[in-house]
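A short worksheet on the structure shown next.
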Amino acid sequence: MKYRSAFDIIGPVMIGPSSSHTAGAARIGRVARTLFGRQPTKAEIYLYGSFAKTYKGHGTDVAIVGGILDYDTYDERIPGSLQLAEQLGIEIVFSVEEAVVDHPNTVRIKLFDDDKEMELVGISIGGGSIEIIELNSFALKLTGEHPAILVVHNDQFGVISKVTYLLAQHEINIGHMEVSRKEKGKMALMVIEVDQNIDQNLMDEIAQLPHITQVIKMVD
Amino acid sequence: MMLFKNAAELVEIAEREQIKIAEVMIRQEVEVSGRTREDIIAQMDRNLTVMEQAVERGLNGVTSVSGLTGGDAVLLQKYIKSGKALSGHTLLDAVSKAVATNEVNAAMGTICATPTAGSAGVVPGTLFAVKDVLNPSREEMIEFLFTSAAFGFIVANNASISGAAGGCQAEVGSASGMAAAAITEMAGGSPSQAAHAMAITLKNMLGLVCDPVAGLVEVPCVKRNAMGASNAMTAADMALAGITSRIPCDEVIDAMYRIGQTMPSALRETAEGGLAATPTGRRLEQEIFGNKTKAVK
């Protein structure tokens with residue numbers, strides 16, 4: 001079931017005018033910020049489908065940028081986020097895309113700073129609920145509603161069991177997990193949604209395991 | 001406890017356990033989220049406060065950034081007070097409070113989505129109108145929101161609550177059905193009557209397209225919330241009178257889903273068809289945004 005909580009229906013508390021085009025957009029922006037881990041110096045935002053056609057009237061642009069600035073859906077700074085980003089020295093580039101995509105409300109966000117870049121695709125599925133469906137060209141499904149860790153690793157036997165063993169040792173329960181890879185034996189990604197927030201020590205332990213390239217934390 | 005998947009299961013659980021639909025939703029939320037009951041009630045209480053404040057703000061008069069909407073809630077309240085209203089105080093009060101909420105939403109004010117922002121007026125509008133007739137406790141008002149949530153949950157999981165996916169029937173249609181069920185339960189109706197109220201309401205919203213002028217959640221969204229509230233009130237009264245829906249609630253929801261699937265993209269929140277494509281709709285769009293089709297900052 002896509003929706004699991006009463007508060008997916010009665011909620012979120014948000015700045016208007018659209019739950020999918022404003023609140024959902026802000027949430028996707030904020031997940032991007034969380035996964036990036038810090039304030040970027042540049043953001044490229046590509047809008048598709050209904051997002052592309054109606055973003056202006058819905059404040060989708062200010063909402064996504066508000067999310068990238070780490071604002072929640074109800075943050076009253078959202079309407080002024082473009083100016084605030086400018087003041088913070090963040091370069092924002094919008095692009096309205098013609099391409100037809102599977103979901104009507106789709107956005108691709110690329111975040112950059114001097115050291116790294118990250119790219120994700122998010123969809124706003126209605127009522128403010130979202131899914132991240134692509135991260136650095138890996139297909140995945142992440143709702144942003146639970147704490148999660150994303151582990152980039154080499155596609156080798158035993159890596160998954162070592163990570164889950166560490167979680168078990170720390171008594172962390174896994175709610176949802178999926179793995180994907182671009183090519184057999186090459187780079188792979190584990191998405192693990194868990195019931196508790198994961199502390200930095202455990203993050204470091206996972207990062208030190210063999211064949212692990214990167215560990216990203218998604219806090220509740 | 002098992003998660004309810006449809007209206008038939010929801011009604012069956014409520015009847016078997018002899019509890020309100022609101023209580024089924026609360027128990028499920030405790031089960032699924034692992035949070036305490038107090039915590040969950042407190043969160044819904046905060047949402048209720050947001051709704052209360054939005055209604056109040058709208059009744060004092062707001063105007064949207066585009067200037068397309070605002071001030072209608074004030075007009076309606078004045079008209080009600082004049083004593084000349086034909087359709088009854090409670091009904092028009094619900095309509096004005098639904099409009100108030102959506103006017104605040106269009107003005108980029110703070111609201112609580114129920115189930116979406118574009119349809120955020122119906123549930124609080126009807127709640128704060130029937131409140132003056134039924135005199136519920138704060139707790140019962142919170143229950144109203146859980147009853148709404150239960151039916152919205154069913155629609156969201158079996159059909160859609162997104163205008164882009166299913167048209168306005170999925171947004172204001174769902175909101176109206178949720179409100180009708182909650183009004184019915186608050187007025188003392190049985191779980192089965194609540195489901196009939198939902199079915200009767202949604203039946204009369206089937207096929208409603210999402211065609212916002214200039215892509216803004218304003219025209220016709222604000223007035224669709226007005227009619228959604230009115231539809232919910234009437235359907236609740238019908239269900240409370242003992243009238244049943246010949247087509248069961250779940251089948252109406254399924255019909256809504258299938259209609260949404262076959263609805264052309266131009267009528268699903270793209271601002272390409274319907275009222276958005278009328279000469280006046282296009283002119284308003286021009287006035288607001290000019291000729292810009294490509295966006296760049």
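Please note that chains go A, B, ... in the order of the structure tokens, that every chain numbers its residues from 1, and that ligands are numbered from 1 in the order shown.
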
Residues of chain B within 8 Å of chain A, using only C-alpha atoms, as a short mmCIF file (atom, residue, chain, number, x, y, z; two decimals) with N, CA and C atoms, in the first residue's frame?
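Writing done, so here's part22.cif:
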data_model
loop_
_atom_site.label_atom_id
_atom_site.label_comp_id
_atom_site.auth_asym_id
_atom_site.auth_seq_id
_atom_site.Cartn_x
_atom_site.Cartn_y
_atom_site.Cartn_z
N MET B 25 -9.22 3.81 12.82
CA MET B 25 -8.08 4.52 12.21
C MET B 25 -7.01 4.80 13.26
N GLU B 29 -3.21 3.36 13.23
CA GLU B 29 -2.07 4.28 13.22
C GLU B 29 -1.07 3.90 14.31
N VAL B 32 0.72 0.68 13.08
CA VAL B 32 1.63 0.83 11.94
C VAL B 32 2.83 1.70 12.27
N SER B 33 2.58 2.79 13.04
CA SER B 33 3.66 3.76 13.26
C SER B 33 4.51 3.40 14.47
N MET B 44 -2.79 15.14 15.55
CA MET B 44 -4.04 15.50 14.87
C MET B 44 -4.63 16.77 15.50
N ASN B 47 -2.97 19.59 13.84
CA ASN B 47 -3.52 19.80 12.50
C ASN B 47 -4.86 20.53 12.58
N VAL B 50 -4.31 24.16 13.05
CA VAL B 50 -3.94 24.81 11.78
C VAL B 50 -5.19 25.10 10.95
N VAL B 104 -7.10 31.05 1.67
CA VAL B 104 -5.82 31.15 2.40
C VAL B 104 -4.75 30.32 1.68
N ASN B 105 -5.15 29.13 1.22
CA ASN B 105 -4.22 28.27 0.50
C ASN B 105 -3.70 28.95 -0.77
N ALA B 106 -4.63 29.57 -1.52
CA ALA B 106 -4.25 30.25 -2.76
C ALA B 106 -3.34 31.44 -2.48
N ALA B 107 -3.48 32.01 -1.29
CA ALA B 107 -2.65 33.16 -0.91
C ALA B 107 -1.31 32.71 -0.32
N MET B 108 -0.95 31.44 -0.53
CA MET B 108 0.27 30.83 0.01
C MET B 108 0.34 30.94 1.53
N GLY B 109 -0.83 30.82 2.16
CA GLY B 109 -0.87 30.79 3.61
C GLY B 109 -0.70 29.36 4.12
N THR B 110 -0.72 29.18 5.43
CA THR B 110 -0.52 27.86 6.03
C THR B 110 -1.85 27.12 6.16
N ILE B 111 -1.90 25.93 5.62
CA ILE B 111 -3.10 25.09 5.71
C ILE B 111 -2.67 23.66 6.02
N CYS B 112 -3.70 22.82 6.28
CA CYS B 112 -3.42 21.39 6.43
C CYS B 112 -4.06 20.68 5.24
N ALA B 113 -3.29 19.94 4.48
CA ALA B 113 -3.82 19.22 3.32
C ALA B 113 -4.82 18.16 3.77
N THR B 114 -6.00 18.09 3.12
CA THR B 114 -7.03 17.11 3.51
C THR B 114 -7.81 16.63 2.29
N PRO B 115 -7.46 15.75 1.47
CA PRO B 115 -6.18 15.04 1.49
C PRO B 115 -5.10 15.82 0.75
N THR B 116 -5.52 16.85 -0.02
CA THR B 116 -4.52 17.65 -0.75
C THR B 116 -4.75 19.11 -0.39
N ALA B 117 -3.88 19.97 -0.86
CA ALA B 117 -4.03 21.40 -0.57
C ALA B 117 -5.17 22.00 -1.39
N GLY B 118 -5.26 21.57 -2.65
CA GLY B 118 -6.31 22.09 -3.51
C GLY B 118 -7.70 21.73 -3.03
N LEU B 145 -11.56 14.08 12.17
CA LEU B 145 -10.43 14.06 11.24
C LEU B 145 -9.91 12.64 11.01
N PHE B 146 -9.98 11.81 12.06
CA PHE B 146 -9.55 10.41 11.86
C PHE B 146 -10.54 9.64 10.99
N SER B 148 -12.34 10.99 8.61
CA SER B 148 -12.00 11.48 7.26
C SER B 148 -10.77 10.76 6.75
N ALA B 149 -9.76 10.65 7.61
CA ALA B 149 -8.50 10.01 7.23
C ALA B 149 -8.73 8.57 6.79
N ALA B 150 -9.60 7.86 7.50
CA ALA B 150 -9.83 6.44 7.20
C ALA B 150 -10.36 6.28 5.78
N GLY B 152 -10.17 8.56 3.35
CA GLY B 152 -9.16 9.08 2.42
C GLY B 152 -8.07 8.05 2.17
N PHE B 153 -7.72 7.34 3.22
CA PHE B 153 -6.71 6.27 3.17
C PHE B 153 -7.13 5.20 2.16
N ALA B 156 -6.93 6.72 -1.38
CA ALA B 156 -5.53 6.92 -1.78
C ALA B 156 -4.88 5.61 -2.18
N ASN B 157 -5.20 4.53 -1.47
CA ASN B 157 -4.57 3.24 -1.75
C ASN B 157 -5.24 2.44 -2.87
N SER B 160 -6.85 7.16 -6.27
CA SER B 160 -5.84 8.21 -6.27
C SER B 160 -6.40 9.45 -5.58
N ILE B 161 -5.51 10.25 -5.01
CA ILE B 161 -5.93 11.53 -4.46
C ILE B 161 -5.16 12.65 -5.16
N SER B 162 -4.69 12.38 -6.37
CA SER B 162 -3.90 13.37 -7.09
C SER B 162 -4.65 13.84 -8.34
N GLY B 163 -4.82 15.14 -8.46
CA GLY B 163 -5.49 15.71 -9.62
C GLY B 163 -4.74 15.42 -10.90
N ALA B 164 -3.41 15.37 -10.80
CA ALA B 164 -2.58 15.09 -11.97
C ALA B 164 -2.78 13.65 -12.43
N ALA B 165 -3.11 12.77 -11.50
CA ALA B 165 -3.32 11.37 -11.86
C ALA B 165 -4.79 11.08 -12.16
N ALA B 214 -4.58 28.97 -15.67
CA ALA B 214 -3.19 29.37 -15.54
C ALA B 214 -2.40 28.40 -14.66
N GLY B 215 -2.98 27.22 -14.42
CA GLY B 215 -2.30 26.24 -13.58
C GLY B 215 -2.32 26.59 -12.11
N LEU B 216 -3.07 27.62 -11.76
CA LEU B 216 -3.11 28.05 -10.37
C LEU B 216 -4.20 27.31 -9.60
N VAL B 217 -3.95 27.04 -8.32
CA VAL B 217 -4.95 26.36 -7.50
C VAL B 217 -5.95 27.42 -7.01
N GLU B 269 -4.76 18.44 -14.48
CA GLU B 269 -3.86 19.41 -13.84
C GLU B 269 -2.74 19.92 -14.75
N THR B 270 -2.96 19.90 -16.06
CA THR B 270 -1.91 20.42 -16.94
C THR B 270 -2.24 21.83 -17.42
N ALA B 271 -3.44 22.33 -17.08
CA ALA B 271 -3.89 23.65 -17.52
C ALA B 271 -3.96 23.75 -19.03
N LYS B 294 8.88 29.35 -21.57
CA LYS B 294 10.15 28.79 -21.10
C LYS B 294 10.54 29.50 -19.82
N ALA B 295 11.00 28.74 -18.91
CA ALA B 295 11.36 29.35 -17.65
C ALA B 295 12.85 29.33 -17.47
N VAL B 296 13.35 30.40 -17.07
CA VAL B 296 14.76 30.39 -16.73
C VAL B 296 14.97 31.43 -15.66
N LYS B 297 15.84 31.10 -14.81
CA LYS B 297 16.12 32.08 -13.78
C LYS B 297 17.54 32.53 -13.89
#

Exercise. What lies within 12 Å of Glu171 (chain A) using only C-alpha atoms, ignoring chain neighbours under 3 positions off, as a list of chain:residue names?
Worked result: A:Thr164, A:Tyr165, A:Leu166, A:Leu167, A:Ala168, A:Ile174, A:Val194, A:Asp195, A:Gln196, A:Asn197, A:Ile198, A:Leu202

Requested write-out: N, CA and C atoms of the selected residues, as a PDB file, in the first residue's frame:
ATOM      1  N   THR A 164      24.270  -5.778   6.725  1.00  0.00           N
ATOM      2  CA  THR A 164      23.090  -6.098   7.541  1.00  0.00           C
ATOM      3  C   THR A 164      23.510  -6.723   8.878  1.00  0.00           C
ATOM      4  N   TYR A 165      24.643  -7.426   8.876  1.00  0.00           N
ATOM      5  CA  TYR A 165      25.142  -7.997  10.138  1.00  0.00           C
ATOM      6  C   TYR A 165      25.496  -6.893  11.131  1.00  0.00           C
ATOM      7  N   LEU A 166      26.145  -5.830  10.617  1.00  0.00           N
ATOM      8  CA  LEU A 166      26.472  -4.701  11.486  1.00  0.00           C
ATOM      9  C   LEU A 166      25.215  -4.055  12.056  1.00  0.00           C
ATOM     10  N   LEU A 167      24.205  -3.900  11.203  1.00  0.00           N
ATOM     11  CA  LEU A 167      22.937  -3.324  11.674  1.00  0.00           C
ATOM     12  C   LEU A 167      22.331  -4.203  12.763  1.00  0.00           C
ATOM     13  N   ALA A 168      22.362  -5.504  12.545  1.00  0.00           N
ATOM     14  CA  ALA A 168      21.809  -6.439  13.525  1.00  0.00           C
ATOM     15  C   ALA A 168      22.549  -6.341  14.855  1.00  0.00           C
ATOM     16  N   ILE A 174      15.462  -3.469  10.127  1.00  0.00           N
ATOM     17  CA  ILE A 174      15.276  -3.021   8.747  1.00  0.00           C
ATOM     18  C   ILE A 174      13.798  -3.115   8.376  1.00  0.00           C
ATOM     19  N   VAL A 194      15.254   1.981   7.865  1.00  0.00           N
ATOM     20  CA  VAL A 194      15.324   1.375   9.199  1.00  0.00           C
ATOM     21  C   VAL A 194      14.369   2.064  10.162  1.00  0.00           C
ATOM     22  N   ASP A 195      14.175   1.452  11.319  1.00  0.00           N
ATOM     23  CA  ASP A 195      13.210   1.982  12.279  1.00  0.00           C
ATOM     24  C   ASP A 195      13.808   3.019  13.231  1.00  0.00           C
ATOM     25  N   GLN A 196      15.121   3.042  13.366  1.00  0.00           N
ATOM     26  CA  GLN A 196      15.740   4.014  14.261  1.00  0.00           C
ATOM     27  C   GLN A 196      16.767   4.833  13.480  1.00  0.00           C
ATOM     28  N   ASN A 197      17.037   6.042  13.987  1.00  0.00           N
ATOM     29  CA  ASN A 197      18.117   6.809  13.381  1.00  0.00           C
ATOM     30  C   ASN A 197      19.447   6.092  13.629  1.00  0.00           C
ATOM     31  N   ILE A 198      20.354   6.228  12.688  1.00  0.00           N
ATOM     32  CA  ILE A 198      21.650   5.539  12.785  1.00  0.00           C
ATOM     33  C   ILE A 198      22.722   6.540  13.179  1.00  0.00           C
ATOM     34  N   LEU A 202      28.235   4.059  13.757  1.00  0.00           N
ATOM     35  CA  LEU A 202      27.818   2.927  12.937  1.00  0.00           C
ATOM     36  C   LEU A 202      28.029   3.246  11.448  1.00  0.00           C
TER      37      LEU A 202
END

Exercise. Quick one: residues within 8 Å of Arg268 (chain B), only C-alpha atoms counted, chain neighbours fewer than 4 positions away excluded, as a ChimeraX atom specification?
Worked result: /B:163-168,209-211,263-264

Keeping C-alpha atoms for every residue in the selection just given, could you write it to a file as a PDB file, in the first residue's frame?
ATOM      1  CA  GLY B 163      -5.490  15.711  -9.618  1.00  0.00           C
ATOM      2  CA  ALA B 164      -2.582  15.094 -11.975  1.00  0.00           C
ATOM      3  CA  ALA B 165      -3.324  11.367 -11.859  1.00  0.00           C
ATOM      4  CA  GLY B 166      -7.123  11.285 -11.521  1.00  0.00           C
ATOM      5  CA  GLY B 167      -8.616  14.749 -12.026  1.00  0.00           C
ATOM      6  CA  CYS B 168     -10.572  16.831  -9.515  1.00  0.00           C
ATOM      7  CA  VAL B 209     -11.815  17.202 -14.287  1.00  0.00           C
ATOM      8  CA  CYS B 210      -8.831  19.173 -12.997  1.00  0.00           C
ATOM      9  CA  ASP B 211      -8.569  22.252 -15.231  1.00  0.00           C
ATOM     10  CA  MET B 263      -9.232  10.920 -18.456  1.00  0.00           C
ATOM     11  CA  PRO B 264      -7.162  12.770 -21.053  1.00  0.00           C
TER      12      PRO B 264
END

Exercise. Within 8 Å of Lys97 (chain B), counting only C-alpha atoms, which residues qualify if same-chain residues fewer than 2 places away don't, as a PyMOL selection string?
Worked result: chain B and resi 55+58-59+73+93-95+99-101+121+124-126+128-129

Problem set entry | Ala7 (chain B) environment, 7 Å, only C-alpha atoms, sequence neighbours closer than 4 positions dropped, as a list in words |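 Surrounding residues, per the criterion: Val11, Ile154, Ala195, Cys249 and Asp250 of chain B.
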
With N, CA and C atoms kept, could you save the residues just selected as a short mmCIF file (atom, residue, chain, number, x, y, z; two decimals), in the first residue's frame?
data_model
loop_
_atom_site.label_atom_id
_atom_site.label_comp_id
_atom_site.auth_asym_id
_atom_site.auth_seq_id
_atom_site.Cartn_x
_atom_site.Cartn_y
_atom_site.Cartn_z
N VAL B 11 -15.75 -0.97 7.63
CA VAL B 11 -17.08 -1.03 8.26
C VAL B 11 -17.21 -2.32 9.07
N ILE B 154 -8.40 4.84 2.20
CA ILE B 154 -8.92 3.82 1.27
C ILE B 154 -8.85 4.32 -0.18
N ALA B 195 -20.22 4.99 5.32
CA ALA B 195 -19.73 4.50 4.02
C ALA B 195 -20.72 4.86 2.91
N CYS B 249 -19.72 1.50 -1.71
CA CYS B 249 -18.65 2.49 -1.61
C CYS B 249 -17.38 2.08 -2.37
N ASP B 250 -16.93 0.83 -2.18
CA ASP B 250 -15.68 0.41 -2.82
C ASP B 250 -15.78 0.39 -4.34
#

For this session: Mind listing the strand (DSSP E) residues of chain A, per DSSP on the backbone, as an MDAnalysis selection string?
Result: chainID A and resid 13:15 42:48 91:96 105:112 117:126 129:135 138:142 148:154 174:181 187:194 212:218

Enumerate, as an mmCIF file with C-alpha atoms, in the first residue's frame, the complete set of residues in region 240-293 of chain B that a backbone-based DSSP assignment places in helix (DSSP H, G or I).
data_model
loop_
_atom_site.group_PDB
_atom_site.id
_atom_site.type_symbol
_atom_site.label_atom_id
_atom_site.label_comp_id
_atom_site.auth_asym_id
_atom_site.auth_seq_id
_atom_site.Cartn_x
_atom_site.Cartn_y
_atom_site.Cartn_z
ATOM 1 C CA LEU B 240 -28.602 9.840 8.077
ATOM 2 C CA CYS B 249 -18.645 2.495 -1.610
ATOM 3 C CA ASP B 250 -15.682 0.409 -2.821
ATOM 4 C CA GLU B 251 -17.146 0.027 -6.297
ATOM 5 C CA VAL B 252 -17.708 3.787 -6.526
ATOM 6 C CA ILE B 253 -14.067 4.327 -5.553
ATOM 7 C CA ASP B 254 -12.990 1.812 -8.189
ATOM 8 C CA ALA B 255 -15.151 3.553 -10.795
ATOM 9 C CA MET B 256 -13.483 6.841 -9.867
ATOM 10 C CA TYR B 257 -10.075 5.236 -10.365
ATOM 11 C CA ARG B 258 -10.970 3.842 -13.769
ATOM 12 C CA ILE B 259 -12.483 7.133 -14.908
ATOM 13 C CA GLY B 260 -9.260 8.867 -13.845
ATOM 14 C CA GLN B 261 -7.218 6.377 -15.858
ATOM 15 C CA THR B 262 -9.123 7.176 -19.034
ATOM 16 C CA SER B 265 -3.976 14.429 -19.840
ATOM 17 C CA ALA B 266 -5.348 17.854 -20.848
ATOM 18 C CA LEU B 267 -7.899 17.493 -18.039
ATOM 19 C CA GLY B 274 -11.445 22.577 -19.725
ATOM 20 C CA LEU B 275 -11.866 25.966 -18.053
ATOM 21 C CA ALA B 276 -8.136 26.668 -18.417
ATOM 22 C CA ALA B 277 -8.548 26.555 -22.200
ATOM 23 C CA PRO B 279 -11.026 32.327 -23.929
ATOM 24 C CA THR B 280 -11.289 33.950 -20.510
ATOM 25 C CA GLY B 281 -9.082 31.300 -18.936
ATOM 26 C CA ARG B 282 -6.405 31.942 -21.560
ATOM 27 C CA ARG B 283 -6.731 35.708 -21.190
ATOM 28 C CA LEU B 284 -6.291 35.499 -17.424
ATOM 29 C CA GLU B 285 -3.245 33.286 -17.935
ATOM 30 C CA GLN B 286 -1.762 35.906 -20.278
ATOM 31 C CA GLU B 287 -2.461 38.695 -17.831
ATOM 32 C CA ILE B 288 -0.780 36.820 -15.000
ATOM 33 C CA PHE B 289 2.224 35.286 -16.711
#

For this session: Identify, on the basis of only C-alpha atoms, every residue whose closest approach to Ile160 (chain A) does not exceed 12 Å; exclude the query and any residue fewer than 3 positions from it along the same chain; express the result as JSON, numbers by chain.
Result: {"A": [150, 151, 152, 153, 154, 155, 156, 157, 163, 164, 165, 166, 167, 177, 178, 179, 180, 188, 189, 190, 191, 192, 206, 209, 210, 211, 212]}

For this session: Mind giving me the straight-line distance from CA of Ala194 (chain B) to CA of Gly34 (chain B) in Å, one decimal?
Result: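 Going from CA of Ala194 (chain B) over to CA of Gly34 (chain B) covers 27.7 Å.
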
Problem set entry | Using only C-alpha atoms: which of A:Ala99, A:Ile68, A:Ala26, A:Ile216 has the shortest distance to Pro40 (chain A) |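 Result for the nearest residue to Pro40 (chain A): A:Ile68.
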
Exercise. Quick one: distance from CA of Val219 (chain B) to CA of Gly24 (chain A) in Å, one decimal?
Worked result: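 CA of Val219 (chain B) sits 21.2 Å away from CA of Gly24 (chain A).
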